[in-house]
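Enquirer: File name coords_16.cif; file contents mmCIF, C-alpha atoms and all ligand atoms; full text below.
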```cif
data_my_file
#
loop_
_atom_site.label_atom_id
_atom_site.label_comp_id
_atom_site.auth_asym_id
_atom_site.auth_seq_id
_atom_site.Cartn_x
_atom_site.Cartn_y
_atom_site.Cartn_z
CA MET H 1 -49.48 5.13 -8.74
CA ALA H 2 -47.49 4.69 -11.96
CA ILE H 3 -43.71 5.03 -11.70
CA GLU H 4 -41.19 5.88 -14.38
CA PHE H 5 -37.53 4.98 -14.76
CA GLY H 6 -35.91 6.27 -17.96
CA THR H 7 -38.34 5.25 -20.70
CA ALA H 8 -39.81 2.45 -18.53
CA SER H 9 -43.20 3.15 -17.00
CA ALA H 10 -45.27 0.80 -14.84
CA SER H 11 -48.65 1.16 -13.15
CA LEU H 12 -49.41 -0.65 -9.91
CA GLY H 13 -48.83 -4.40 -10.29
CA GLU H 14 -46.87 -4.02 -13.54
CA ARG H 15 -43.36 -4.61 -14.87
CA SER H 16 -41.70 -2.48 -17.54
CA THR H 17 -38.31 -2.28 -19.24
CA GLY H 18 -36.70 0.62 -21.05
CA TRP H 19 -33.62 2.81 -21.36
CA LEU H 20 -31.96 5.46 -19.22
CA PHE H 21 -30.38 8.17 -21.39
CA ILE H 22 -26.79 9.08 -20.45
CA GLY H 23 -25.29 10.93 -23.41
CA GLU H 24 -24.07 10.59 -26.95
CA ASP H 25 -21.43 8.27 -28.39
CA ARG H 26 -18.59 9.35 -30.71
CA ASP H 27 -20.79 8.90 -33.76
CA GLY H 28 -23.49 11.15 -32.29
CA SER H 29 -25.90 8.31 -31.53
CA THR H 30 -27.37 8.21 -28.02
CA PHE H 31 -26.12 5.81 -25.39
CA GLU H 32 -28.52 4.56 -22.76
CA LEU H 33 -28.45 1.97 -19.98
CA PRO H 34 -31.00 -0.88 -19.95
CA VAL H 35 -33.42 -0.48 -17.03
CA ALA H 36 -36.36 -2.39 -15.56
CA ILE H 37 -38.96 -1.51 -12.95
CA ILE H 38 -41.35 -3.68 -11.02
CA ASN H 39 -44.14 -1.67 -9.45
CA GLY H 40 -45.78 -3.81 -6.75
CA SER H 41 -49.52 -3.85 -6.21
CA LYS H 42 -49.14 -2.68 -2.59
CA PRO H 43 -47.07 0.04 -0.90
CA GLY H 44 -43.68 -0.87 0.52
CA LYS H 45 -39.97 -0.14 0.31
CA THR H 46 -37.93 0.58 -2.82
CA LEU H 47 -34.99 -1.67 -3.72
CA TYR H 48 -32.37 -0.64 -6.29
CA VAL H 49 -30.21 -3.33 -7.93
CA GLN H 50 -27.46 -2.77 -10.49
CA ALA H 51 -24.97 -4.95 -12.37
CA ALA H 52 -21.75 -4.53 -14.38
CA ASN H 53 -20.50 -1.43 -12.60
CA ASP H 54 -17.29 -3.18 -13.72
CA GLY H 55 -17.80 -3.98 -17.39
CA ASN H 56 -16.47 -7.56 -17.43
CA GLU H 57 -18.42 -8.71 -14.34
CA LEU H 58 -21.24 -10.57 -16.01
CA ASN H 59 -22.70 -12.72 -13.19
CA GLY H 60 -24.76 -9.78 -11.87
CA ILE H 61 -26.28 -9.32 -15.33
CA GLY H 62 -27.15 -13.04 -15.19
CA VAL H 63 -28.88 -12.51 -11.84
CA ILE H 64 -31.01 -9.64 -13.16
CA ASN H 65 -31.67 -11.55 -16.38
CA ARG H 66 -33.13 -14.42 -14.33
CA ILE H 67 -34.89 -12.67 -11.48
CA VAL H 68 -36.80 -9.93 -13.31
CA PRO H 69 -39.03 -12.42 -15.18
CA GLN H 70 -39.43 -14.56 -12.00
CA ILE H 71 -41.02 -11.77 -9.95
CA ASN H 72 -44.79 -11.36 -10.21
CA PRO H 73 -45.44 -7.61 -9.72
CA GLU H 74 -48.94 -8.34 -8.41
CA GLU H 75 -47.42 -10.26 -5.49
CA ILE H 76 -44.94 -7.53 -4.55
CA ALA H 77 -45.27 -4.74 -1.99
CA GLY H 78 -43.09 -1.78 -2.92
CA GLN H 79 -40.95 -1.08 -5.95
CA LEU H 80 -37.86 -2.62 -7.55
CA LEU H 81 -35.53 -0.68 -9.85
CA PHE H 82 -32.84 -2.41 -11.93
CA VAL H 83 -29.99 -1.12 -14.08
CA GLY H 84 -28.85 -4.17 -16.06
CA ILE H 85 -25.52 -2.80 -17.32
CA VAL H 86 -23.87 0.23 -15.68
CA ASN H 87 -20.47 0.30 -17.38
CA TYR H 88 -21.89 0.51 -20.90
CA HIS H 89 -18.60 0.98 -22.79
CA GLY H 90 -16.65 -1.46 -20.61
CA PHE H 91 -19.32 -4.09 -21.21
CA HIS H 92 -19.15 -3.63 -24.98
CA ALA H 93 -15.34 -3.85 -24.97
CA ASN H 94 -15.33 -6.69 -22.35
CA LYS H 95 -13.18 -4.49 -20.09
CA HIS H 96 -13.30 -3.95 -16.33
CA ARG H 97 -12.83 -0.19 -16.62
CA ASN H 98 -14.61 2.28 -18.83
CA PRO H 99 -12.30 2.42 -21.93
CA LEU H 100 -13.40 5.99 -22.77
CA ASP H 101 -11.74 7.54 -19.70
CA ASP H 102 -9.92 4.48 -18.23
CA TRP H 103 -11.71 4.90 -14.90
CA LYS H 104 -13.39 2.39 -12.66
CA ILE H 105 -16.95 3.71 -12.44
CA ASN H 106 -17.01 2.46 -8.83
CA ARG H 107 -14.45 5.13 -7.88
CA VAL H 108 -16.33 8.18 -9.16
CA TYR H 109 -19.71 8.17 -7.34
CA PRO H 110 -21.53 10.52 -6.82
CA GLY H 111 -20.29 11.51 -10.29
CA ASP H 112 -20.52 14.79 -12.16
CA GLU H 113 -23.19 15.91 -14.60
CA ASN H 114 -20.56 17.68 -16.74
CA GLY H 115 -17.69 15.26 -16.10
CA SER H 116 -16.09 12.36 -17.99
CA PRO H 117 -18.22 9.52 -19.41
CA SER H 118 -17.81 7.50 -16.16
CA GLU H 119 -18.72 10.51 -14.01
CA ARG H 120 -21.84 11.15 -16.09
CA ILE H 121 -23.05 7.56 -15.61
CA ALA H 122 -22.31 7.75 -11.85
CA HIS H 123 -24.16 11.07 -11.62
CA LYS H 124 -27.28 9.64 -13.33
CA ILE H 125 -27.26 6.65 -10.98
CA THR H 126 -26.75 8.83 -7.91
CA ASN H 127 -29.92 10.71 -8.93
CA VAL H 128 -31.79 7.42 -9.33
CA ILE H 129 -30.88 6.13 -5.85
CA LYS H 130 -31.80 9.34 -3.95
CA ASP H 131 -35.18 8.05 -2.83
CA VAL H 132 -34.61 4.27 -2.57
CA ASP H 133 -34.46 2.32 0.72
CA LEU H 134 -31.91 -0.41 -0.08
CA ILE H 135 -29.12 -0.81 -2.66
CA LEU H 136 -27.46 -3.96 -4.05
CA ASP H 137 -24.47 -3.32 -6.34
CA LEU H 138 -23.75 -6.74 -7.87
CA HIS H 139 -20.05 -7.48 -8.38
CA GLN H 140 -17.66 -10.42 -8.62
CA ALA H 141 -13.89 -10.88 -8.40
CA SER H 142 -13.68 -10.07 -12.09
CA THR H 143 -12.12 -13.12 -13.77
CA SER H 144 -10.22 -14.31 -10.65
CA ARG H 145 -11.56 -17.26 -8.62
CA MET H 146 -13.25 -16.20 -5.35
CA ILE H 147 -15.72 -17.43 -2.76
CA HIS H 148 -19.21 -15.94 -2.74
CA GLU H 149 -19.31 -13.06 -0.25
CA VAL H 150 -20.98 -9.72 0.45
CA ARG H 151 -18.90 -6.57 1.05
CA ILE H 152 -19.71 -3.82 3.49
CA ARG H 153 -17.83 -0.72 2.37
CA CYS H 154 -19.09 2.09 4.65
CA GLY H 155 -16.60 1.35 7.47
CA ARG H 156 -17.33 -0.04 10.93
CA ARG H 157 -17.75 3.40 12.52
CA HIS H 158 -20.35 4.57 10.01
CA ARG H 159 -23.80 5.36 11.42
CA LEU H 160 -25.37 2.93 8.93
CA HIS H 161 -22.92 0.07 9.58
CA ASN H 162 -25.46 -2.07 11.47
CA GLU H 163 -28.04 -1.67 8.70
CA CYS H 164 -25.45 -2.56 6.02
CA MET H 165 -24.37 -5.62 8.07
CA GLU H 166 -28.03 -6.66 8.35
CA LEU H 167 -28.49 -6.36 4.57
CA ALA H 168 -25.26 -8.33 3.94
CA LYS H 169 -26.41 -11.12 6.26
CA VAL H 170 -29.85 -11.22 4.66
CA PHE H 171 -28.35 -11.54 1.17
CA GLY H 172 -26.71 -14.57 2.72
CA CYS H 173 -23.67 -15.66 0.70
CA GLY H 174 -22.22 -17.25 3.86
CA HIS H 175 -19.17 -14.97 3.96
CA ILE H 176 -18.95 -11.21 4.55
CA TYR H 177 -16.00 -8.88 4.03
CA ASP H 178 -16.35 -5.83 6.27
CA GLN H 179 -13.69 -3.34 5.23
CA LYS H 180 -14.12 0.36 4.46
CA GLY H 181 -13.84 0.80 0.68
CA PRO H 182 -12.07 3.45 -1.38
CA MET H 183 -13.69 6.83 -2.00
CA GLY H 184 -16.16 6.95 -4.85
CA GLN H 185 -17.76 3.54 -4.31
CA LEU H 186 -21.55 3.41 -4.55
CA ALA H 187 -21.44 1.30 -1.36
CA ARG H 188 -19.99 4.36 0.42
CA VAL H 189 -22.16 7.03 -1.23
CA GLY H 190 -25.37 5.07 -0.50
CA PRO H 191 -24.84 4.85 3.28
CA ASN H 192 -23.71 8.50 3.35
CA ASN H 193 -27.18 9.28 1.96
CA GLY H 194 -28.84 7.12 4.63
CA ILE H 195 -29.39 4.08 2.38
CA PRO H 196 -28.10 0.62 3.45
CA THR H 197 -25.88 -0.52 0.56
CA VAL H 198 -23.76 -3.64 0.02
CA ASP H 199 -21.72 -5.22 -2.78
CA PRO H 200 -22.59 -8.89 -3.24
CA GLU H 201 -19.43 -10.42 -4.78
CA LEU H 202 -20.72 -13.35 -6.82
CA GLY H 203 -17.60 -15.51 -7.14
CA GLY H 204 -15.41 -14.78 -10.13
CA SER H 205 -15.58 -16.16 -13.64
CA VAL H 206 -15.04 -15.68 -17.34
CA GLY H 207 -18.56 -15.34 -18.69
CA TRP H 208 -21.54 -16.60 -16.68
CA ASP H 209 -21.06 -18.97 -13.74
CA HIS H 210 -24.45 -20.54 -13.13
CA GLU H 211 -23.82 -21.42 -9.47
CA SER H 212 -22.77 -17.81 -8.77
CA ILE H 213 -25.86 -16.53 -10.57
CA ARG H 214 -28.07 -18.92 -8.60
CA ARG H 215 -26.57 -17.61 -5.34
CA GLY H 216 -27.27 -14.03 -6.45
CA VAL H 217 -30.88 -14.81 -7.39
CA CYS H 218 -31.35 -16.48 -3.97
CA GLY H 219 -29.83 -13.43 -2.27
CA ILE H 220 -32.32 -11.07 -3.89
CA TRP H 221 -35.26 -13.34 -2.96
CA ASN H 222 -33.94 -13.31 0.64
CA VAL H 223 -33.88 -9.49 0.60
CA LEU H 224 -37.40 -9.36 -0.85
CA ALA H 225 -38.67 -11.67 1.91
CA TYR H 226 -36.87 -10.06 4.86
CA TYR H 227 -37.75 -6.45 3.99
CA GLY H 228 -41.42 -7.18 3.32
CA PHE H 229 -41.53 -7.02 -0.50
CA THR H 230 -42.99 -10.55 -0.48
CA ASP H 231 -45.04 -12.32 2.18
CA GLN H 232 -42.42 -15.08 2.53
CA SER H 233 -40.71 -15.45 5.90
CA PHE H 234 -36.94 -15.40 6.19
CA ASP H 235 -34.50 -16.05 9.03
CA ILE H 236 -30.93 -14.72 9.01
CA ASN H 237 -28.20 -17.37 9.33
CA GLU H 238 -24.92 -16.91 11.19
CA GLN H 239 -22.05 -16.17 8.81
CA VAL H 240 -18.28 -15.77 8.73
CA CYS H 241 -17.05 -12.18 8.51
CA ALA H 242 -13.47 -11.17 7.64
CA THR H 243 -12.31 -7.64 8.36
CA ASN H 244 -8.96 -7.83 6.60
CA MET H 245 -7.38 -9.49 3.59
CA ASP H 246 -3.79 -10.74 3.27
CA HIS H 247 -2.47 -11.08 -0.27
CA TYR H 248 0.24 -13.55 -1.28
CA GLY H 249 2.56 -13.27 -4.27
CA SER H 250 4.83 -15.87 -5.81
CA PRO H 251 8.49 -16.02 -4.68
CA SER H 252 9.51 -17.41 -8.07
CA GLY H 253 8.34 -17.92 -11.63
CA GLY H 254 6.53 -21.10 -12.64
CA PHE H 255 3.22 -22.84 -12.11
CA VAL H 256 0.97 -22.67 -9.03
CA LYS H 257 -0.37 -25.77 -7.32
CA TYR H 258 -2.84 -24.92 -4.52
CA GLU H 259 -2.95 -26.94 -1.31
CA LYS H 260 -6.21 -25.28 -0.15
CA ASP H 261 -9.64 -24.93 -1.73
CA LEU H 262 -11.68 -21.71 -1.77
CA GLY H 263 -13.54 -21.38 1.55
CA ASP H 264 -11.13 -23.65 3.49
CA GLU H 265 -10.06 -22.59 6.97
CA VAL H 266 -6.35 -21.77 7.11
CA SER H 267 -4.05 -21.86 10.16
CA VAL H 268 -0.66 -20.19 10.53
CA GLY H 269 1.99 -22.38 8.91
CA ASP H 270 -0.39 -24.29 6.60
CA VAL H 271 0.93 -24.71 3.07
CA LEU H 272 -1.13 -22.48 0.76
CA PHE H 273 0.54 -23.27 -2.56
CA ARG H 274 3.67 -24.59 -4.21
CA ILE H 275 5.45 -23.34 -7.33
CA THR H 276 6.85 -25.84 -9.83
CA SER H 277 8.92 -25.45 -12.97
CA ALA H 278 7.58 -26.28 -16.41
CA PHE H 279 9.01 -29.79 -15.79
CA GLY H 280 7.26 -30.32 -12.45
CA GLU H 281 10.33 -29.63 -10.28
CA GLN H 282 9.35 -28.02 -6.99
CA LYS H 283 10.74 -24.49 -6.66
CA ALA H 284 8.97 -22.92 -3.67
CA THR H 285 6.43 -23.57 -0.93
CA VAL H 286 4.38 -20.72 0.52
CA ARG H 287 2.75 -21.00 3.96
CA ALA H 288 0.08 -18.91 5.72
CA ASP H 289 1.30 -16.06 7.96
CA THR H 290 -2.07 -15.80 9.73
CA ASP H 291 -5.24 -17.77 10.42
CA GLY H 292 -8.19 -17.11 8.15
CA ILE H 293 -10.25 -18.30 5.20
CA PHE H 294 -8.81 -19.18 1.77
CA TRP H 295 -10.69 -16.42 -0.09
CA ARG H 296 -9.44 -15.71 -3.60
CA THR H 297 -6.92 -16.95 -6.17
CA ARG H 298 -5.64 -15.99 -9.59
CA ARG H 299 -7.23 -17.93 -12.44
CA LEU H 300 -4.22 -18.73 -14.62
CA PRO H 301 -1.64 -21.20 -13.27
CA GLN H 302 1.48 -19.44 -14.56
CA VAL H 303 3.13 -16.72 -12.42
CA SER H 304 6.28 -14.64 -12.42
CA SER H 305 8.23 -13.65 -9.29
CA GLY H 306 6.15 -11.26 -7.19
CA GLU H 307 2.95 -11.76 -9.14
CA TYR H 308 -0.35 -12.11 -7.22
CA VAL H 309 -1.37 -15.67 -6.33
CA CYS H 310 -4.05 -15.71 -3.61
CA SER H 311 -5.71 -13.94 -0.65
CA ILE H 312 -6.66 -15.03 2.85
CA GLY H 313 -9.57 -13.32 4.62
CA THR H 314 -8.30 -12.62 8.16
CA ASN H 315 -9.57 -11.40 11.56
CA THR H 316 -12.59 -13.62 11.04
CA ILE H 317 -15.55 -13.58 13.41
CA SER H 318 -19.03 -15.10 13.42
CA VAL H 319 -21.79 -12.57 12.81
ZN ZN A 401 -16.59 -5.23 -9.36
#
```
Now, as a test, write the supplied structure out as structure tokens.
Ligand SMILES: [Zn+2]
Expert:
Amino acid sequence: MAIEFGTASASLGERSTGWLFIGEDRDGSTFELPVAIINGSKPGKTLYVQAANDGNELNGIGVINRIVPQINPEEIAGQLLFVGIVNYHGFHANKHRNPLDDWKINRVYPGDENGSPSERIAHKITNVIKDVDLILDLHQASTSRMIHEVRIRCGRRHRLHNECMELAKVFGCGHIYDQKGPMGQLARVGPNNGIPTVDPELGGSVGWDHESIRRGVCGIWNVLAYYGFTDQSFDINEQVCATNMDHYGSPSGGFVKYEKDLGDEVSVGDVLFRITSAFGEQKATVRADTDGIFWRTRRLPQVSSGEYVCSIGTNTISV
């Protein structure tokens, strides 16, 4: 059976790209999101993948840009739906938020048909995901530096938590962050509608990071294998899961020198970073308050007193 997604239309065993109409821009021209569909030659599940929910998070676009041409629709069971760029105006302005209403789109799902520009995009996407079986919302730590991880946002008491954990492990970044997210995230609305949903967080970079993109492409191939879209076999590996995050700020102004690398294990009392003056004089040393994993850091070396420096993923367990 042929399927349609916006202006894209694909018969069995075909791929198609097109546009999903959202509304009109200030000049009266239409604005549409780029979409792709892969209609497998056999019946199966439906996977929905989107990128750039946050407009400056480009690695997910890189993943879709690489994987869509790699997949042979004739060898797929089921259907794949992609939205290449969700935060249309943020992407064009190279901003995290949507500059038209200054909202994070990932706080307004399920959206509103008659709402602000962000709410209208979220509403359209919520309609698209109604009938899918699995959702991947590709993110990254914006322009900060971060390990590769997958976030579970539904909360540990949610009825779909096990299914979301399974999907996170299958994607297989090696690290998982299992912490209920704020209201309005797609990774909360999806599970509330009975659809396992996770946020792969593909590192953090300015522009495209090719290692992060490679990890994302691998993650999608893992999902395709495990859930029967391809006839490849796939075994889940044990991973490290954090259920909390401790954030560290700088006690003084100056320049940060890290004593840990991303992904390192951290024990209470370990030195995390030192602050030096412009002339290299040591001003402060900051140590870990808890055990955990060195998870995320700011990108720029200069900090003022109280400014964010790094995060430790805590309460870690093997899953
Ligand atoms: Zn994001």
Enquirer: Can I get the residues close to ligand ZN 401 (chain A) as an MDAnalysis selection string, where close means within 8 Å and we count only C-alpha atoms and all ligand atoms?
Expert: chainID H and resid 52:54 57 96 106 138:142 201
Enquirer: Choose the residue, out of H:Ile64, H:Ala122, H:Ala187, H:Val319, that has the smallest atom-to-atom separation from His175 (chain H); count only C-alpha atoms.
Expert: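 Of the candidates, the smallest distance to His175 (chain H) is held by H:Val319.
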Enquirer: Any chance you could tabulate, as a Markdown table, the residues of region 124-201 of chain H at most 9 Å from region 72-95 of chain H with each one's nearest atom pair and distance in Å to one decimal, using all atoms listed in the file, in chain and rising number order?
Expert:
```
| residue | atom | partner | partner_atom | distance |
| --- | --- | --- | --- | --- |
| H:Ile125 | CA | H:Val86 | CA | 8.6 |
| H:Val128 | CA | H:Leu81 | CA | 8.9 |
| H:Val132 | CA | H:Leu81 | CA | 8.9 |
```
Enquirer: To one decimal place, how far is CA of Phe273 (chain H) from CA of Ser304 (chain H) in Å?
Expert: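 Separation of CA of Phe273 (chain H) and CA of Ser304 (chain H): 14.3 Å.
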Enquirer: Compile the contact shell of Trp208 (chain H) as a short mmCIF file (atom, residue, chain, number, x, y, z; two decimals) with C-alpha atoms, keeping the file's coordinate frame: residues with an atom at most 8 Å away, counting all atoms listed in the file, same-chain residues fewer than 3 positions apart removed.
Expert:
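The file below, around_29.cif, is the result:
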```
data_model
loop_
_atom_site.label_atom_id
_atom_site.label_comp_id
_atom_site.auth_asym_id
_atom_site.auth_seq_id
_atom_site.Cartn_x
_atom_site.Cartn_y
_atom_site.Cartn_z
CA LEU H 58 -21.24 -10.57 -16.01
CA ASN H 59 -22.70 -12.72 -13.19
CA GLY H 62 -27.15 -13.04 -15.19
CA SER H 205 -15.58 -16.16 -13.64
CA ILE H 213 -25.86 -16.53 -10.57
#
```
Enquirer: Between H:Cys241, H:Ile176, H:Ala278, H:Met146, which residue has the minimum interatomic distance to Trp295 (chain H), considering only C-alpha atoms?
Expert: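 Looking at the shortest contact to Trp295 (chain H), the residue is H:Met146.
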Enquirer: Between H:Arg159, H:His123, H:Arg287, H:Arg274, single out the one closest to Val256 (chain H), counting only C-alpha atoms.
Expert: H:Arg274
Enquirer: Give me the residues near Gly253 (chain H) as a list in words, where near means some atom within 12 Å (using all atoms listed in the file) and where sequence neighbours in that chain fewer than 2 positions away do not count.
Expert: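 After dropping sequence-adjacent residues, the list is Gly249, Ser250, Pro251, Phe255, Val256, Arg274, Ile275, Thr276, Ser277, Ala278, Glu281, Gln282, Lys283, Ala284, Pro301, Gln302, Val303, Ser304, Ser305, Gly306, Glu307, Tyr308 and Val309 of chain H.
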Enquirer: Give me the residues near Thr7 (chain H) as a ChimeraX atom specification, where near means some atom within 12 Å (using all atoms listed in the file) and where sequence neighbours in that chain fewer than 3 positions away do not count.
Expert: /H:3-4,10,16-21,32-37
Enquirer: For the selection you just gave me, I'd like the residues written to a file as an mmCIF file, in the coordinates of the input, keeping C-alpha atoms.
Expert:
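out09.cif, written as the output of this step:
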```
data_model
loop_
_atom_site.group_PDB
_atom_site.id
_atom_site.type_symbol
_atom_site.label_atom_id
_atom_site.label_comp_id
_atom_site.auth_asym_id
_atom_site.auth_seq_id
_atom_site.Cartn_x
_atom_site.Cartn_y
_atom_site.Cartn_z
ATOM 1 C CA ILE H 3 -43.710 5.030 -11.700
ATOM 2 C CA GLU H 4 -41.190 5.880 -14.380
ATOM 3 C CA ALA H 10 -45.270 0.800 -14.840
ATOM 4 C CA SER H 16 -41.700 -2.480 -17.540
ATOM 5 C CA THR H 17 -38.310 -2.280 -19.240
ATOM 6 C CA GLY H 18 -36.700 0.620 -21.050
ATOM 7 C CA TRP H 19 -33.620 2.810 -21.360
ATOM 8 C CA LEU H 20 -31.960 5.460 -19.220
ATOM 9 C CA PHE H 21 -30.380 8.170 -21.390
ATOM 10 C CA GLU H 32 -28.520 4.560 -22.760
ATOM 11 C CA LEU H 33 -28.450 1.970 -19.980
ATOM 12 C CA PRO H 34 -31.000 -0.880 -19.950
ATOM 13 C CA VAL H 35 -33.420 -0.480 -17.030
ATOM 14 C CA ALA H 36 -36.360 -2.390 -15.560
ATOM 15 C CA ILE H 37 -38.960 -1.510 -12.950
#
```
